[in-house]
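S.K.: So that you have it, the file is protein_8.txt, and it contains compact mmCIF, C-alpha atoms and all ligand atoms:
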# COMPACT_ATOMS: atom_id res chain seq x y z
CA MET A 1 -22.54 1.11 -19.46
CA THR A 2 -20.15 -1.04 -21.41
CA ASP A 3 -18.58 -4.02 -19.72
CA ILE A 4 -21.40 -5.26 -17.51
CA SER A 5 -25.05 -6.10 -18.06
CA LEU A 6 -27.85 -4.00 -16.61
CA GLU A 7 -29.08 -6.96 -14.52
CA THR A 8 -25.69 -7.47 -12.84
CA LEU A 9 -25.16 -3.76 -12.35
CA CYS A 10 -28.52 -3.40 -10.61
CA ALA A 11 -28.38 -6.64 -8.59
CA GLN A 12 -24.99 -5.71 -7.14
CA ALA A 13 -25.86 -2.00 -6.93
CA ASP A 14 -22.44 -1.36 -8.49
CA HIS A 15 -21.23 -1.70 -4.91
CA HIS A 16 -17.57 -1.89 -4.01
CA ARG A 17 -17.18 -3.57 -0.66
CA ASP A 18 -15.65 -1.67 2.18
CA PRO A 19 -12.27 -3.40 2.75
CA VAL A 20 -12.56 -3.05 6.53
CA SER A 21 -16.06 -4.39 7.14
CA GLY A 22 -16.58 -6.41 3.94
CA ASP A 23 -20.23 -5.34 3.87
CA VAL A 24 -22.04 -6.61 0.79
CA VAL A 25 -24.60 -3.80 0.67
CA PRO A 26 -23.98 -0.06 0.47
CA ALA A 27 -23.95 1.74 3.83
CA LEU A 28 -26.32 4.57 4.64
CA ARG A 29 -24.14 7.63 5.25
CA ALA A 30 -26.39 10.09 7.03
CA ALA A 31 -23.97 12.95 7.75
CA THR A 32 -25.06 16.40 6.60
CA THR A 33 -21.67 17.96 7.25
CA PHE A 34 -18.06 16.87 6.84
CA ALA A 35 -15.02 17.78 8.92
CA ARG A 36 -11.96 19.58 7.59
CA ASP A 37 -8.50 18.11 8.22
CA GLU A 38 -5.54 19.81 10.00
CA ASP A 39 -4.78 21.80 6.85
CA GLY A 40 -8.38 23.02 6.65
CA GLU A 41 -9.02 20.84 3.60
CA LEU A 42 -12.10 18.67 2.96
CA PRO A 43 -10.67 15.13 2.56
CA ALA A 44 -13.31 13.87 0.08
CA GLY A 45 -14.30 17.29 -1.26
CA LEU A 46 -17.60 16.97 0.59
CA ARG A 47 -18.69 20.06 2.50
CA TYR A 48 -22.39 19.92 3.26
CA SER A 49 -25.09 17.49 2.10
CA ARG A 50 -27.01 20.06 0.06
CA TYR A 51 -23.99 20.05 -2.27
CA GLY A 52 -23.33 16.32 -2.04
CA ASN A 53 -23.82 13.40 0.34
CA PRO A 54 -21.93 10.10 -0.08
CA THR A 55 -25.08 7.95 -0.30
CA VAL A 56 -26.79 10.35 -2.72
CA LEU A 57 -23.63 10.45 -4.85
CA GLN A 58 -23.54 6.65 -4.85
CA ALA A 59 -27.16 6.50 -6.05
CA GLU A 60 -26.37 9.08 -8.75
CA ALA A 61 -23.34 7.11 -9.92
CA LEU A 62 -25.45 3.95 -10.16
CA LEU A 63 -28.21 5.73 -12.09
CA ALA A 64 -25.65 7.23 -14.49
CA ARG A 65 -24.35 3.72 -15.21
CA VAL A 66 -27.85 2.30 -15.60
CA ASP A 67 -28.75 5.00 -18.15
CA GLY A 68 -25.33 4.97 -19.86
CA ALA A 69 -24.98 8.66 -18.95
CA ARG A 70 -22.02 10.87 -18.16
CA GLU A 71 -23.92 12.64 -15.39
CA ALA A 72 -26.90 12.01 -13.12
CA ARG A 73 -28.54 14.25 -10.50
CA LEU A 74 -31.16 13.32 -7.94
CA PHE A 75 -33.84 15.66 -6.65
CA GLY A 76 -36.35 15.59 -3.78
CA SER A 77 -39.17 14.60 -6.17
CA GLY A 78 -39.79 14.11 -9.87
CA LEU A 79 -41.38 17.51 -10.14
CA ALA A 80 -38.42 19.17 -8.38
CA ALA A 81 -36.23 17.74 -11.17
CA ALA A 82 -38.74 18.84 -13.83
CA ALA A 83 -38.90 22.33 -12.30
CA ALA A 84 -35.09 22.66 -12.45
CA ALA A 85 -35.11 21.52 -16.11
CA ILE A 86 -38.11 23.48 -17.38
CA GLY A 87 -37.06 26.46 -15.23
CA THR A 88 -34.17 27.05 -17.67
CA LEU A 89 -36.73 28.35 -20.21
CA ARG A 90 -35.94 32.00 -20.98
CA LYS A 91 -37.89 35.01 -22.26
CA GLY A 92 -38.52 34.75 -25.98
CA GLU A 93 -37.86 31.02 -26.07
CA HIS A 94 -40.40 28.41 -27.15
CA ILE A 95 -41.21 25.06 -25.55
CA VAL A 96 -43.05 22.19 -27.23
CA ALA A 97 -44.83 19.32 -25.45
CA PRO A 98 -47.67 16.85 -26.15
CA ARG A 99 -51.31 17.86 -25.71
CA ILE A 100 -51.87 14.79 -23.55
CA MET A 101 -49.04 13.99 -21.14
CA TYR A 102 -48.37 13.64 -17.40
CA HIS A 103 -50.60 16.52 -16.33
CA GLY A 104 -48.40 17.74 -13.45
CA ALA A 105 -45.50 18.40 -15.84
CA GLN A 106 -47.84 20.08 -18.32
CA ASP A 107 -49.19 22.42 -15.60
CA LEU A 108 -45.57 23.23 -14.74
CA ILE A 109 -44.70 23.99 -18.40
CA ARG A 110 -47.70 26.38 -18.65
CA LYS A 111 -46.75 28.16 -15.43
CA VAL A 112 -43.04 28.54 -16.26
CA ALA A 113 -43.72 29.67 -19.85
CA ASP A 114 -46.20 32.25 -18.58
CA GLU A 115 -43.95 33.60 -15.81
CA HIS A 116 -40.76 33.61 -17.90
CA GLY A 117 -42.30 35.27 -20.98
CA ALA A 118 -41.81 32.16 -23.13
CA GLU A 119 -44.30 30.49 -25.45
CA ALA A 120 -45.61 26.95 -25.24
CA THR A 121 -47.12 24.79 -28.01
CA PHE A 122 -48.91 21.53 -27.26
CA PHE A 123 -49.02 19.16 -30.23
CA ASP A 124 -51.36 16.26 -30.95
CA GLN A 125 -49.32 13.27 -29.73
CA SER A 126 -51.42 10.85 -31.81
CA ASP A 127 -50.35 12.54 -35.10
CA PRO A 128 -46.82 11.42 -36.17
CA GLY A 129 -46.07 14.68 -38.05
CA ALA A 130 -47.35 17.08 -35.39
CA LEU A 131 -44.16 17.43 -33.35
CA ALA A 132 -41.97 18.48 -36.29
CA ALA A 133 -44.68 20.91 -37.44
CA ALA A 134 -44.72 22.58 -33.99
CA LEU A 135 -40.99 23.41 -34.04
CA ARG A 136 -39.78 27.00 -34.61
CA PRO A 137 -36.36 28.64 -34.86
CA GLU A 138 -36.80 29.93 -31.27
CA THR A 139 -37.76 26.50 -29.89
CA SER A 140 -35.28 25.68 -27.13
CA ILE A 141 -36.87 22.79 -25.24
CA VAL A 142 -38.99 19.90 -26.46
CA TRP A 143 -40.40 17.81 -23.64
CA ILE A 144 -41.92 14.46 -24.61
CA GLU A 145 -42.91 11.21 -23.05
CA SER A 146 -43.52 7.91 -24.84
CA PRO A 147 -45.79 6.12 -24.27
CA VAL A 148 -47.90 9.16 -23.43
CA ASN A 149 -49.69 9.07 -20.08
CA PRO A 150 -52.58 7.97 -19.94
CA THR A 151 -53.48 7.14 -23.57
CA TRP A 152 -50.15 5.36 -24.22
CA ASP A 153 -49.79 6.86 -27.70
CA ILE A 154 -46.27 6.31 -29.03
CA ILE A 155 -43.91 9.10 -30.11
CA ASP A 156 -40.93 8.06 -32.27
CA ILE A 157 -38.05 9.18 -30.04
CA ALA A 158 -35.21 8.91 -32.59
CA ALA A 159 -37.25 10.82 -35.20
CA ALA A 160 -38.13 13.46 -32.59
CA ALA A 161 -34.45 13.88 -31.67
CA GLU A 162 -33.51 14.45 -35.30
CA ALA A 163 -36.23 17.07 -35.84
CA VAL A 164 -35.52 18.80 -32.52
CA HIS A 165 -31.77 18.98 -33.16
CA GLY A 166 -32.54 20.34 -36.63
CA VAL A 167 -33.76 23.60 -35.03
CA GLY A 168 -30.98 23.58 -32.42
CA ALA A 169 -33.29 22.70 -29.52
CA ARG A 170 -32.78 20.18 -26.71
CA LEU A 171 -34.89 17.03 -26.39
CA PHE A 172 -36.04 16.08 -22.88
CA LEU A 173 -37.74 12.70 -22.41
CA ASP A 174 -39.93 11.81 -19.45
CA ALA A 175 -38.83 8.17 -19.21
CA THR A 176 -40.64 7.45 -15.94
CA VAL A 177 -42.62 4.64 -17.61
CA THR A 178 -39.68 3.48 -19.78
CA PRO A 179 -36.51 3.11 -17.69
CA ALA A 180 -33.27 1.96 -19.36
CA VAL A 181 -34.38 -1.66 -18.94
CA THR A 182 -36.49 -1.19 -22.05
CA THR A 183 -35.54 2.15 -23.65
CA ARG A 184 -31.93 3.34 -24.12
CA ALA A 185 -33.05 6.95 -24.40
CA LEU A 186 -29.64 8.63 -24.61
CA ASP A 187 -28.66 6.27 -27.46
CA LEU A 188 -31.82 7.35 -29.31
CA GLY A 189 -30.64 10.97 -29.24
CA VAL A 190 -32.38 12.31 -26.13
CA ASP A 191 -30.37 15.13 -24.51
CA ILE A 192 -31.73 14.90 -20.98
CA VAL A 193 -33.64 11.96 -19.53
CA PHE A 194 -36.10 12.80 -16.77
CA GLN A 195 -37.50 10.11 -14.48
CA SER A 196 -39.73 10.26 -11.47
CA ALA A 197 -37.68 7.82 -9.39
CA SER A 198 -40.78 7.53 -7.17
CA LYS A 199 -42.12 5.08 -9.76
CA TYR A 200 -40.31 2.12 -11.42
CA LEU A 201 -36.77 3.04 -10.34
CA ASN A 202 -37.63 2.69 -6.66
CA GLY A 203 -40.63 0.47 -7.32
CA HIS A 204 -42.10 0.12 -3.82
CA SER A 205 -44.21 3.28 -3.43
CA ASP A 206 -42.16 4.40 -0.44
CA VAL A 207 -39.69 6.95 -1.83
CA LEU A 208 -40.31 10.31 -3.51
CA ALA A 209 -37.41 11.23 -5.81
CA GLY A 210 -36.57 12.65 -9.23
CA CYS A 211 -33.65 11.95 -11.53
CA LEU A 212 -32.04 13.65 -14.52
CA THR A 213 -29.33 11.98 -16.61
CA THR A 214 -27.41 13.32 -19.60
CA ASN A 215 -24.49 13.05 -21.98
CA THR A 216 -25.04 16.66 -23.10
CA VAL A 217 -23.03 18.42 -20.40
CA ASP A 218 -23.55 21.98 -21.62
CA ASP A 219 -24.61 25.39 -20.24
CA ARG A 220 -28.22 24.31 -19.81
CA TRP A 221 -27.14 21.29 -17.77
CA ALA A 222 -24.91 23.52 -15.62
CA GLU A 223 -27.86 25.81 -15.03
CA ILE A 224 -30.08 22.88 -13.98
CA VAL A 225 -27.47 21.73 -11.46
CA ARG A 226 -27.08 25.32 -10.19
CA HIS A 227 -30.86 25.58 -9.80
CA ARG A 228 -30.88 22.46 -7.62
CA ASN A 229 -28.03 23.64 -5.43
CA LEU A 230 -29.49 27.14 -5.04
CA THR A 231 -33.06 26.07 -4.32
CA GLY A 232 -32.07 23.07 -2.22
CA GLY A 233 -34.36 20.51 -3.86
CA VAL A 234 -31.95 17.67 -3.11
CA LEU A 235 -32.68 14.08 -2.11
CA GLY A 236 -32.14 12.93 1.49
CA ALA A 237 -29.57 10.23 2.27
CA MET A 238 -32.23 7.83 3.60
CA GLU A 239 -34.28 8.13 0.39
CA ALA A 240 -31.16 7.65 -1.73
CA TRP A 241 -30.32 4.50 0.22
CA LEU A 242 -33.83 3.10 -0.23
CA LEU A 243 -33.67 4.00 -3.92
CA ILE A 244 -30.43 2.00 -4.31
CA ARG A 245 -32.18 -0.97 -2.70
CA GLY A 246 -35.16 -0.61 -5.04
CA LEU A 247 -32.91 -0.41 -8.10
CA ARG A 248 -31.45 -3.84 -7.34
CA THR A 249 -34.63 -5.51 -8.60
CA LEU A 250 -35.55 -3.00 -11.34
CA PRO A 251 -35.08 -5.32 -14.35
CA ILE A 252 -37.10 -8.24 -12.95
CA ARG A 253 -39.82 -6.00 -11.53
CA TYR A 254 -40.18 -4.16 -14.83
CA ARG A 255 -40.35 -7.37 -16.88
CA ALA A 256 -42.87 -9.00 -14.52
CA ALA A 257 -45.14 -5.93 -14.61
CA SER A 258 -44.85 -5.73 -18.42
CA ALA A 259 -45.74 -9.43 -18.83
CA ASN A 260 -48.78 -9.01 -16.56
CA ALA A 261 -49.95 -5.89 -18.42
CA LEU A 262 -49.59 -7.61 -21.80
CA ALA A 263 -51.67 -10.58 -20.58
CA ILE A 264 -54.37 -8.21 -19.27
CA ALA A 265 -54.35 -6.21 -22.52
CA ARG A 266 -54.75 -9.39 -24.60
CA HIS A 267 -57.52 -10.70 -22.36
CA PHE A 268 -59.67 -7.55 -22.55
CA GLU A 269 -59.14 -6.76 -26.24
CA GLY A 270 -62.51 -7.45 -27.87
CA HIS A 271 -64.29 -7.86 -24.49
CA ALA A 272 -68.01 -7.01 -24.64
CA LEU A 273 -67.77 -4.37 -21.88
CA VAL A 274 -64.54 -2.80 -23.22
CA GLU A 275 -64.56 -0.41 -26.17
CA LYS A 276 -60.79 -0.36 -26.54
CA VAL A 277 -57.57 -1.42 -24.82
CA LEU A 278 -54.80 1.18 -24.96
CA TYR A 279 -51.48 -0.68 -24.67
CA PRO A 280 -48.50 -0.34 -27.05
CA GLY A 281 -47.66 -4.02 -26.67
CA LEU A 282 -50.78 -5.02 -28.63
CA GLU A 283 -50.22 -5.62 -32.35
CA SER A 284 -53.42 -3.63 -32.98
CA HIS A 285 -51.97 -0.50 -31.30
CA PRO A 286 -51.22 2.15 -33.99
CA GLY A 287 -47.77 2.80 -32.49
CA HIS A 288 -46.84 -0.86 -32.05
CA ALA A 289 -44.14 -0.99 -34.75
CA ILE A 290 -42.32 2.04 -33.32
CA ALA A 291 -42.89 0.81 -29.77
CA ARG A 292 -41.15 -2.47 -30.65
CA LYS A 293 -38.15 -0.50 -31.92
CA GLN A 294 -37.75 1.73 -28.87
CA MET A 295 -39.17 -0.47 -26.06
CA THR A 296 -36.95 -3.48 -26.46
CA ASP A 297 -37.60 -5.30 -23.19
CA GLY A 298 -41.23 -4.78 -22.20
CA PHE A 299 -44.03 -2.32 -22.87
CA SER A 300 -44.40 -1.37 -19.16
CA GLY A 301 -47.09 -2.16 -16.63
CA MET A 302 -49.16 0.84 -17.70
CA LEU A 303 -52.34 0.38 -19.68
CA SER A 304 -55.76 2.00 -19.99
CA LEU A 305 -59.17 0.60 -20.80
CA LEU A 306 -61.83 2.63 -22.57
CA VAL A 307 -64.86 0.92 -21.10
CA ASN A 308 -68.12 0.52 -23.01
CA GLY A 309 -70.08 3.26 -21.29
CA ASN A 310 -69.88 6.80 -19.94
CA ALA A 311 -67.77 8.39 -17.18
CA ASP A 312 -70.19 7.20 -14.46
CA PHE A 313 -69.81 3.61 -15.64
CA ALA A 314 -66.00 4.00 -15.64
CA ARG A 315 -66.13 5.43 -12.11
CA ALA A 316 -68.32 2.53 -10.96
CA VAL A 317 -65.91 -0.04 -12.44
CA THR A 318 -62.97 1.70 -10.74
CA ARG A 319 -64.76 1.66 -7.36
CA ASN A 320 -65.69 -2.03 -7.73
CA LEU A 321 -62.09 -3.19 -8.06
CA LYS A 322 -60.76 -5.01 -5.00
CA VAL A 323 -57.26 -6.25 -5.89
CA PHE A 324 -56.33 -3.02 -7.69
CA LEU A 325 -56.10 -0.22 -5.13
CA GLY A 326 -57.66 3.09 -6.11
CA ALA A 327 -54.65 5.37 -5.70
CA ALA A 328 -52.44 7.85 -7.56
CA SER A 329 -48.96 6.98 -8.82
CA LEU A 330 -47.56 4.04 -10.77
CA GLY A 331 -44.62 1.70 -11.13
CA GLY A 332 -44.87 -0.04 -7.73
CA VAL A 333 -45.00 -3.78 -7.15
CA GLU A 334 -48.69 -3.44 -6.18
CA SER A 335 -51.38 -2.77 -8.79
CA LEU A 336 -53.16 0.60 -8.72
CA VAL A 337 -56.07 2.09 -10.64
CA GLU A 338 -57.39 5.58 -11.34
CA HIS A 339 -60.24 7.23 -13.20
CA ARG A 340 -58.02 9.93 -14.70
CA ALA A 341 -60.70 12.40 -15.84
CA SER A 342 -61.97 12.64 -12.22
CA VAL A 343 -58.44 13.08 -10.88
CA GLU A 344 -57.42 15.73 -13.42
CA GLY A 345 -60.62 17.77 -12.95
CA PRO A 346 -62.82 19.84 -15.27
CA ASN A 347 -59.98 20.94 -17.63
CA SER A 348 -58.96 17.35 -18.34
CA VAL A 349 -58.88 16.27 -21.99
CA VAL A 350 -58.72 12.59 -21.03
CA PRO A 351 -61.80 10.59 -22.21
CA GLY A 352 -64.40 10.06 -19.46
CA ASN A 353 -64.58 6.31 -20.11
CA LEU A 354 -60.81 5.83 -19.62
CA ILE A 355 -59.55 3.83 -16.63
CA ARG A 356 -55.78 3.82 -16.06
CA PHE A 357 -54.10 0.78 -14.55
CA SER A 358 -50.62 0.53 -13.09
CA VAL A 359 -50.12 -3.22 -13.21
CA GLY A 360 -47.87 -4.66 -10.51
CA ILE A 361 -46.23 -8.05 -10.08
CA GLU A 362 -49.12 -9.98 -8.49
CA LYS A 363 -50.48 -13.22 -10.01
CA VAL A 364 -52.05 -12.06 -13.27
CA ASP A 365 -55.11 -14.35 -12.90
CA ASP A 366 -56.08 -12.41 -9.75
CA LEU A 367 -55.81 -9.12 -11.65
CA ILE A 368 -57.85 -10.33 -14.63
CA SER A 369 -60.66 -11.76 -12.49
CA ASP A 370 -60.75 -8.55 -10.46
CA ILE A 371 -61.33 -6.46 -13.60
CA GLU A 372 -63.87 -9.01 -14.86
CA GLN A 373 -65.94 -8.86 -11.66
CA ALA A 374 -65.72 -5.04 -11.50
CA LEU A 375 -66.98 -4.69 -15.09
CA ARG A 376 -69.78 -7.22 -14.49
CA SER A 377 -71.08 -5.69 -11.28
CA ALA A 378 -70.92 -2.14 -12.67
CA SER A 379 -72.97 -3.21 -15.68
CA GLY A 380 -75.50 -4.94 -13.40
CA LYS A 381 -74.85 -8.36 -14.95
CA GLU A 382 -73.97 -10.16 -11.76
C1 LIG B 1 -45.12 10.78 -11.06
C2 LIG B 1 -44.71 11.33 -12.35
C3 LIG B 1 -44.06 12.56 -12.44
C4 LIG B 1 -43.79 13.43 -11.22
O1 LIG B 1 -42.91 12.84 -10.32
P1 LIG B 1 -43.02 12.98 -8.71
O2 LIG B 1 -41.94 12.10 -8.23
O3 LIG B 1 -44.39 12.53 -8.32
O4 LIG B 1 -42.81 14.43 -8.39
C5 LIG B 1 -43.68 12.99 -13.70
N1 LIG B 1 -43.92 12.26 -14.82
C6 LIG B 1 -44.56 11.07 -14.76
C7 LIG B 1 -44.82 10.31 -16.02
C8 LIG B 1 -44.98 10.57 -13.54
O5 LIG B 1 -45.62 9.40 -13.50
Rewrite the coordinates I just gave you, this time as structure tokens.
M.R.:
Amino acid sequence: MTDISLETLCAQADHHRDPVSGDVVPALRAATTFARDEDGELPAGLRYSRYGNPTVLQAEALLARVDGAREARLFGSGLAAAAAAIGTLRKGEHIVAPRIMYHGAQDLIRKVADEHGAEATFFDQSDPGALAAALRPETSIVWIESPVNPTWDIIDIAAAAEAVHGVGARLFLDATVTPAVTTRALDLGVDIVFQSASKYLNGHSDVLAGCLTTNTVDDRWAEIVRHRNLTGGVLGAMEAWLLIRGLRTLPIRYRAASANALAIARHFEGHALVEKVLYPGLESHPGHAIARKQMTDGFSGMLSLLVNGNADFARAVTRNLKVFLGAASLGGVESLVEHRASVEGPNSVVPGNLIRFSVGIEKVDDLISDIEQALRSASGKE
């Protein structure tokens, strides 16, 4: 992206009006197959929607511009995109990822490494030197996210890129929580940006999609694209069209959610029933200085509270919430809450007293009083 601001790009969906109809919004082009002309040629080079559909291509072009990328590819879900990327891991190679991270992607890394005869190392994401120490000459992929879900520890992305490139590996960033509104990941040295478009990019909890963007158009990228086309994990035209609509409000949704989350974090820091607030926007957060450098327009709507009590207390607080809906996922306009240790099961390394909030764009006073009443009633101090 060079000539035009992110806000304008998104608001107008980078849409070029059809000269015949003059329509101001992109059309939904549902066709799965495209007719050949009299010479047997495909007029637009489109053959069949598994290889390319006009609406999906339009969404990909918009996402490439939003991220400042040369290429973008959409998949049927975030994990379909992650599977194509991590699936490029070969026998004898080594993959590095944080010990605490989005657990679905970590399960996938373990499975692929095991099946492909590769090795995986999980480093302590709260220790700034741990990533570099985990690298080896045979490391080929480093998969990070920052802030780390659900503790919101910060990893220095530019420093990671330098270390990772030093051993000739590729840096993948899960930027689901940090879209280009706040983090220009490719400019920081990331090779491939992964996003679950089901979250902030779409923003309305009604589309499942995954996105990869890159400026490193190399053999590994070609293999990822080949994987998608061979396994058919593409996005449908309807979902792509809804995603374009969601993207039009991405910057204002992201900023509103970030402002709400910061207000909640400030309110509950030092609260008698809260042991700790985990939010990189707080000055007291150990990663705050780095977060300010790499999250330049909001610290996201994601925060966690370590409540003053055990896992049962945290579960009771979660159940008592009325405005926050108890549901998986994040990045929608509506606020959601989860007790992550319960969701992740017995192997979870997430603290039992941690409650994860995906803060939406509601009136923040309603969200704060909801958490207040849930804490009070769970502690029996009605
Ligand atoms: C949701 C999510 C994913 C997986 O994406 P899906 O679209 O649900 O398949 C990966 N990483 C993060 C951080 C997520 O929140």
S.K.: Can you tell me, as lines of an AutoDock Vina configuration file, the centre and edge lengths (Å, one decimal) of the axis-aligned box enclosing all of region 166-182 of chain A's listed atoms after padding each side by 5 Å?
M.R.:
center_x = -36.8
center_y = 11.0
center_z = -26.3
size_x = 21.6
size_y = 35.3
size_z = 30.7
S.K.: Which residues are near ligand LIG 1 (chain B) in this structure, taking near to mean any atom at most 7 Å from a ligand atom and counting only C-alpha atoms and all ligand atoms? Format them as a list in words.
M.R.: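 So the residues close to ligand LIG 1 (chain B) are Ser77, Gly78, Leu79, Ala80, Tyr102, Gly104, Ala105, Asn149, Asp174, Thr176, Val177, Gln195, Ser196, Ala197, Ser198, Lys199, Leu208, Ala209, Gly210, Ser329 and Leu330 of chain A.
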S.K.: Considering all atoms listed in the file, can you say which of A:Pro150, A:Gly331, A:Gly236, A:Gly301 comes closest to Ser49 (chain A)?
M.R.: A:Gly236
S.K.: Using all atoms listed in the file, which of A:Ile109, A:Leu282, A:Ile252, A:Leu135 sits nearest Val181 (chain A)?
M.R.: A:Ile252
S.K.: In Å, with one decimal, what is the gap from CA of Phe34 (chain A) to CA of Leu46 (chain A)?
M.R.: 6.3 Å
S.K.: Within 8 Å of (-60.3, 9.5, -14.3) (coordinates as in the file), grab all the protein and nucleic acid residues, counting all atoms listed in the file, and write them out as a ChimeraX atom specification.
M.R.: /A:315,338-344,350,352-356
S.K.: Show which residues sit within 10 Å of Arg110 (chain A), as an MDAnalysis selection string. Count only C-alpha atoms, and ignore same-chain residues fewer than 3 positions away.
M.R.: chainID A and resid 95 105:107 113:115 118:122
S.K.: Between A:His267, A:Arg319, A:Arg65, A:His103, which residue has the minimum interatomic distance to Asn347 (chain A), considering only C-alpha atoms?
M.R.: A:His103
S.K.: Using only C-alpha atoms, which of the listed residues (A:Trp221, A:Leu186, A:Leu336, A:Arg47) sits closest to Ala81 (chain A)?
M.R.: A:Trp221
S.K.: Could you tell me how far CA of Thr231 (chain A) lies from CA of Pro54 (chain A), in Å and to one decimal?
M.R.: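 These atoms are spaced 19.9 Å apart.
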S.K.: Do you have the CA of Gly129 (chain A)-CA of Pro351 (chain A) distance handy?
M.R.: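 Atom-to-atom, CA of Gly129 (chain A) to CA of Pro351 (chain A), that is 22.7 Å.
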S.K.: Fewer than 6 positions away in the same chain doesn't count, so skip those; otherwise give me all residues within 8 Å of Leu131 (chain A), counting all atoms listed in the file, as a ChimeraX atom specification.
M.R.: /A:96,123-125,160
S.K.: Because some atoms of region 130-135 of chain A are absent here, can you restore all heavy atoms and send them as a PDB file, keeping the file's coordinate frame?
M.R.:
ATOM      1  N   ALA A 130     -46.979  15.856 -36.125  1.00  0.00           N
ATOM      2  CA  ALA A 130     -47.350  17.080 -35.390  1.00  0.00           C
ATOM      3  C   ALA A 130     -46.186  17.701 -34.626  1.00  0.00           C
ATOM      4  O   ALA A 130     -46.099  18.929 -34.524  1.00  0.00           O
ATOM      5  CB  ALA A 130     -48.509  16.778 -34.451  1.00  0.00           C
ATOM      6  N   LEU A 131     -45.279  16.877 -34.118  1.00  0.00           N
ATOM      7  CA  LEU A 131     -44.160  17.430 -33.350  1.00  0.00           C
ATOM      8  C   LEU A 131     -43.275  18.307 -34.248  1.00  0.00           C
ATOM      9  O   LEU A 131     -42.998  19.462 -33.924  1.00  0.00           O
ATOM     10  CB  LEU A 131     -43.345  16.309 -32.718  1.00  0.00           C
ATOM     11  CG  LEU A 131     -42.347  16.642 -31.606  1.00  0.00           C
ATOM     12  CD1 LEU A 131     -41.817  15.373 -30.977  1.00  0.00           C
ATOM     13  CD2 LEU A 131     -41.196  17.511 -32.024  1.00  0.00           C
ATOM     14  N   ALA A 132     -42.858  17.739 -35.387  1.00  0.00           N
ATOM     15  CA  ALA A 132     -41.970  18.480 -36.290  1.00  0.00           C
ATOM     16  C   ALA A 132     -42.640  19.777 -36.747  1.00  0.00           C
ATOM     17  O   ALA A 132     -41.982  20.827 -36.849  1.00  0.00           O
ATOM     18  CB  ALA A 132     -41.600  17.611 -37.487  1.00  0.00           C
ATOM     19  N   ALA A 133     -43.959  19.719 -36.969  1.00  0.00           N
ATOM     20  CA  ALA A 133     -44.680  20.910 -37.440  1.00  0.00           C
ATOM     21  C   ALA A 133     -44.751  21.995 -36.365  1.00  0.00           C
ATOM     22  O   ALA A 133     -44.896  23.183 -36.682  1.00  0.00           O
ATOM     23  CB  ALA A 133     -46.088  20.512 -37.876  1.00  0.00           C
ATOM     24  N   ALA A 134     -44.620  21.608 -35.090  1.00  0.00           N
ATOM     25  CA  ALA A 134     -44.720  22.580 -33.990  1.00  0.00           C
ATOM     26  C   ALA A 134     -43.405  23.314 -33.733  1.00  0.00           C
ATOM     27  O   ALA A 134     -43.372  24.321 -33.025  1.00  0.00           O
ATOM     28  CB  ALA A 134     -45.175  21.868 -32.727  1.00  0.00           C
ATOM     29  N   LEU A 135     -42.306  22.824 -34.317  1.00  0.00           N
ATOM     30  CA  LEU A 135     -40.990  23.410 -34.040  1.00  0.00           C
ATOM     31  C   LEU A 135     -40.812  24.754 -34.728  1.00  0.00           C
ATOM     32  O   LEU A 135     -41.296  24.971 -35.826  1.00  0.00           O
ATOM     33  CB  LEU A 135     -39.882  22.449 -34.490  1.00  0.00           C
ATOM     34  CG  LEU A 135     -39.854  21.087 -33.803  1.00  0.00           C
ATOM     35  CD1 LEU A 135     -38.824  20.171 -34.468  1.00  0.00           C
ATOM     36  CD2 LEU A 135     -39.550  21.233 -32.308  1.00  0.00           C
TER      37      LEU A 135
END
